[in-house]
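Read through the structure below, which is laid out as structure tokens, and then see the notes.
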Amino acid sequence: MTSLPPPWRLGVTLLATIVLFGGVAAALELLTVEVPDYAIKGDSAKIFCSYSLDDDASLYSLKWYKGDHQFYQYIPANVQSKNTFFLPGIDVDMARSNAGSVVLRNLGFLSSGTYRCEVIAEAPVFHTKLGEGNLTVIDPPESAPVLEGARPSYHVGERVTMNCTSSSSWPAAELEWYVNDQLVTDPFHLRDYEALEGPDGLETAVLGLSFPTTPRHFQQGVMRLKCVARIADIYFQSQETSVVEASSRLPHTLAEGRRHIHLGSGGRSGGGNPDMMLFSLALSLTTLITLLLPLPLSLTLTTPAAHRTTFPVHCAL
């Protein structure tokens with residue numbers, strides 16, 4: 001039969017275990033892991049891993065992983081303390097990387113993912129701490145959103161129908177419409193089209209706006225329409241246009257007035273037509289002038305040869 005150790009010996013052993021592992025646990029502390037949420041394609045990004053070691057502890061290694069694959073390590077005891085490993089989408093700037101941070105350059109879509117930092121304290125326990133963060137690489141549009149469908153002016157009550165298009169980005173931009181700086185939230189006034197994917201994998205976002213105008217839309221006769229394109233908190237661009245309130249008299253009213261004037265030249269009841277009166281006066285003057293002018297002294301009348309005779313004609317006033 002195995003005898004149990006005295007109770008005091010159990011207490012000493014438990015105390016020694018608590019002191020030993022408690023000291024080791026306090027020797028290494030992972031303070032922060034900083035991975036930017038978003039970065040722009042082609043740019044660089046810096047990822048941080050900060051830790052704290054007690055005075056009697058030392059660092060064995062610091063390693064970075066993307067997903068489950070290691071791409072960087074820092075081991076101060078090695079002759080070459082920094083090392084990098086090939087991984088698609090990962091391009092480490094070794095000159096700017098150290099035990100505290102790693103610089104990733106030439107970012108592409110394959111650079112997106114979860115990055116994990118692993119810190120290991122020196123022997124004998126090799127205590128380990130882990131932390132991670134997510135990075136998404138975006139490709140923003142090359143230009144501001146484009147507004148289509150706006151007319152220079154609108155009558156009160158006419159419907160504004162427009163589209164806002166943000167082309168070729170990844171992911172597709174989120175679009176918003178503003179009327180006089182007021183965000184349009186009514187779903188009946190918005191039409192959200194499905195993003196269109198191009199052959200290069202980039203996406204185009206389109207958001208429609210449609211609403212009837214009211215007097216309150218025109219501030220001193222002007223209404224401002226703005227579309228904003230966003231991608232997370234890293235990309236923001238807007239495009240704005242202004243339209244004016246048209247005259248209260250509709251355009252077809254003016255056309256009808258002109259048509260009435262044109263048709264009115266045929267005459268009016270109850271009075272003489274001015275054009276016909278001028279024509280009659282001109283005809284009378286022509287007749288009078290003809291009577292007053294002297295006629296030729298003789299007038300030859302053509303008759304058959306057997307009876308041809310010349311008659312003298314005298315005109316006396």
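A note on labels: chains of the structure tokens are A, B, ... as shown, every chain counts residues from 1, and ligands are counted from 1 in their shown order.
With only C-alpha atoms taken into account, the protein and nucleic acid residues at most 7 Å from range 173-190 of chain A (excluding it and anything under 4 positions from it in its own chain) are Ser166, Ser169, Ala205, Leu207, Gly208, Leu209, Ser210, Phe211, Met223, Arg224, Leu225, Lys226, Cys227, Val228, Ala229, Arg230 and Ile231 of chain A.
Taking only C-alpha atoms, the non-local environment of Lys82 in chain A within 7 Å (same-chain residues fewer than 4 positions away omitted) comprises Gln73, Tyr74 and Ile75 of chain A.
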Output N, CA and C atoms for every residue in the selection just made, as a short mmCIF file (atom, residue, chain, number, x, y, z; two decimals), in the first residue's frame.
data_model
loop_
_atom_site.label_atom_id
_atom_site.label_comp_id
_atom_site.auth_asym_id
_atom_site.auth_seq_id
_atom_site.Cartn_x
_atom_site.Cartn_y
_atom_site.Cartn_z
N GLN A 73 9.53 35.71 -39.65
CA GLN A 73 9.94 35.39 -38.30
C GLN A 73 11.12 36.26 -37.88
N TYR A 74 11.13 36.53 -36.57
CA TYR A 74 12.22 37.28 -35.97
C TYR A 74 12.71 36.47 -34.78
N ILE A 75 13.96 35.98 -34.86
CA ILE A 75 14.57 35.20 -33.77
C ILE A 75 15.88 35.89 -33.41
#
### Message
Please report the interatomic distance between CA of Gln237 in chain A and CA of Ala195 in chain A in Å with one decimal.
### Response
18.0 Å
#### Entry: Distance criterion (only C-alpha atoms): nearest to Pro215 in chain A out of A:Ala77, A:Glu203, A:Asn106, A:Ala246
A:Ala246
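Closest approach to Gly131 in chain A from the set A:Ser81, A:Thr32, A:Thr165, A:Ser52 is made by A:Thr32, with distances taken over only C-alpha atoms.
If only C-alpha atoms are the atoms counted, then among A:Asn163, A:Asn78, A:Gln220, A:Thr136 the closest residue to Gln239 in chain A is A:Asn163.
Atom pair CA of Pro140 in chain A / CA of Trp170 in chain A: separated by 6.4 Å.
For the residues A:Asp91, A:Tyr72, A:Asn83, A:Val119, ranking by smallest atom-to-atom distance to Tyr51 in chain A using only C-alpha atoms places A:Val119 first.
Nearest residue to Leu53 in chain A among A:Lys66, A:Pro36, A:Leu107, A:Lys129 is A:Lys129, counting only C-alpha atoms.
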### Task
Write out as a list in words the residues lying within 10 Å of Ala123 in chain A, counting only C-alpha atoms and excluding same-chain residues fewer than 6 positions away.
Ala57, Ser58, Leu59 and Tyr60 of chain A
Selection from above, C-alpha atoms, as a compact mmCIF listing (two decimals), in the first residue's frame, can you write it?
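Below is the file selection.txt, written as the result:
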# COMPACT_ATOMS: atom_id res chain seq x y z
CA ALA A 57 12.63 36.97 -19.37
CA SER A 58 13.77 37.18 -22.98
CA LEU A 59 12.18 36.76 -26.40
CA TYR A 60 12.68 33.50 -28.22
### Task
Please identify which residues in range 65-242 of chain A DSSP calls strand (DSSP E) from the backbone, and express them as an MDAnalysis selection string.
chainID A and resid 65:66 69:74 82:84 101:104 113:121 128:138 146:148 153:154 159:169 174:179 182:183 190:192 196:197 203:212 222:231 235:242
Based on the selection just made, write C-alpha atoms of those residues as a CSV table (one decimal), in the first residue's frame.
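Okay, this is what ended up in again.csv:
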chain,number,residue,atom,x,y,z
A,65,TYR,CA,1.2,34.0,-40.2
A,66,LYS,CA,-1.4,34.7,-42.9
A,69,HIS,CA,0.9,29.8,-43.3
A,70,GLN,CA,4.0,31.5,-41.8
A,71,PHE,CA,5.6,34.3,-43.9
A,72,TYR,CA,7.9,36.1,-41.4
A,73,GLN,CA,9.9,35.4,-38.3
A,74,TYR,CA,12.2,37.3,-36.0
A,82,LYS,CA,14.9,38.3,-39.7
A,83,ASN,CA,13.6,35.8,-42.3
A,84,THR,CA,10.7,35.7,-44.7
A,101,SER,CA,6.4,45.6,-37.0
A,102,VAL,CA,6.3,44.2,-40.5
A,103,VAL,CA,5.8,46.2,-43.7
A,104,LEU,CA,3.8,44.6,-46.5
A,113,GLY,CA,-7.0,37.8,-45.1
A,114,THR,CA,-6.4,37.1,-41.4
A,115,TYR,CA,-3.0,37.9,-40.0
A,116,ARG,CA,-1.8,36.3,-36.8
A,117,CYS,CA,1.1,37.3,-34.6
A,118,GLU,CA,2.8,34.6,-32.4
A,119,VAL,CA,5.2,35.7,-29.6
A,120,ILE,CA,7.2,33.0,-27.8
A,121,ALA,CA,9.3,33.6,-24.6
A,128,THR,CA,3.3,31.7,-26.2
A,129,LYS,CA,0.9,34.5,-26.9
A,130,LEU,CA,-1.3,34.9,-30.0
A,131,GLY,CA,-3.2,37.8,-31.5
A,132,GLU,CA,-4.8,38.5,-34.9
A,133,GLY,CA,-6.5,41.0,-37.2
A,134,ASN,CA,-8.1,41.1,-40.6
A,135,LEU,CA,-6.9,43.1,-43.7
A,136,THR,CA,-9.0,43.8,-46.8
A,137,VAL,CA,-7.4,45.2,-49.9
A,138,ILE,CA,-9.6,47.4,-52.0
A,146,VAL,CA,-21.2,60.0,-62.7
A,147,LEU,CA,-24.7,61.5,-62.6
A,148,GLU,CA,-27.0,60.9,-65.5
A,153,SER,CA,-34.8,72.9,-64.9
A,154,TYR,CA,-38.0,71.3,-63.5
A,159,ARG,CA,-40.5,64.0,-61.5
A,160,VAL,CA,-36.8,63.9,-61.2
A,161,THR,CA,-35.3,60.6,-62.5
A,162,MET,CA,-31.6,60.1,-62.3
A,163,ASN,CA,-28.9,57.5,-61.9
A,164,CYS,CA,-25.6,57.6,-60.0
A,165,THR,CA,-22.9,55.3,-61.3
A,166,SER,CA,-19.5,54.4,-59.6
A,167,SER,CA,-17.4,52.3,-62.0
A,168,SER,CA,-14.8,49.6,-61.7
A,169,SER,CA,-13.9,49.1,-58.0
A,174,GLU,CA,-21.8,52.0,-51.5
A,175,LEU,CA,-23.9,54.9,-53.0
A,176,GLU,CA,-26.1,57.5,-51.3
A,177,TRP,CA,-28.3,60.3,-52.7
A,178,TYR,CA,-28.6,63.7,-51.1
A,179,VAL,CA,-31.2,66.4,-52.0
A,182,GLN,CA,-30.5,65.8,-46.9
A,183,LEU,CA,-29.9,62.0,-47.1
A,190,LEU,CA,-34.4,54.9,-54.5
A,191,ARG,CA,-33.7,52.0,-56.9
A,192,ASP,CA,-30.7,49.9,-56.0
A,196,LEU,CA,-22.2,44.7,-62.5
A,197,GLU,CA,-19.0,42.7,-62.6
A,203,GLU,CA,-17.6,45.9,-60.0
A,204,THR,CA,-19.8,48.9,-61.0
A,205,ALA,CA,-22.5,50.2,-58.6
A,206,VAL,CA,-25.6,52.0,-59.8
A,207,LEU,CA,-28.2,53.7,-57.6
A,208,GLY,CA,-31.3,55.3,-59.0
A,209,LEU,CA,-33.2,58.3,-57.7
A,210,SER,CA,-36.9,59.2,-58.6
A,211,PHE,CA,-39.2,61.6,-56.8
A,212,PRO,CA,-41.8,64.4,-57.7
A,222,VAL,CA,-32.4,76.1,-56.9
A,223,MET,CA,-32.2,72.4,-56.0
A,224,ARG,CA,-28.9,70.6,-55.3
A,225,LEU,CA,-28.6,66.9,-56.0
A,226,LYS,CA,-25.5,65.0,-54.8
A,227,CYS,CA,-24.4,61.4,-54.9
A,228,VAL,CA,-21.7,60.0,-52.5
A,229,ALA,CA,-19.6,56.9,-53.2
A,230,ARG,CA,-18.0,55.1,-50.2
A,231,ILE,CA,-15.9,52.0,-49.6
A,235,TYR,CA,-12.6,55.8,-49.9
A,236,PHE,CA,-15.0,58.8,-50.3
A,237,GLN,CA,-15.9,60.8,-53.4
A,238,SER,CA,-19.0,62.7,-54.4
A,239,GLN,CA,-20.5,64.4,-57.4
A,240,GLU,CA,-23.1,67.2,-57.3
A,241,THR,CA,-25.3,69.1,-59.7
A,242,SER,CA,-27.8,71.9,-59.4
### Task
Just give me the gap between CA of Pro88 in chain A and CA of Phe48 in chain A in Å, one decimal is fine.
20.6 Å
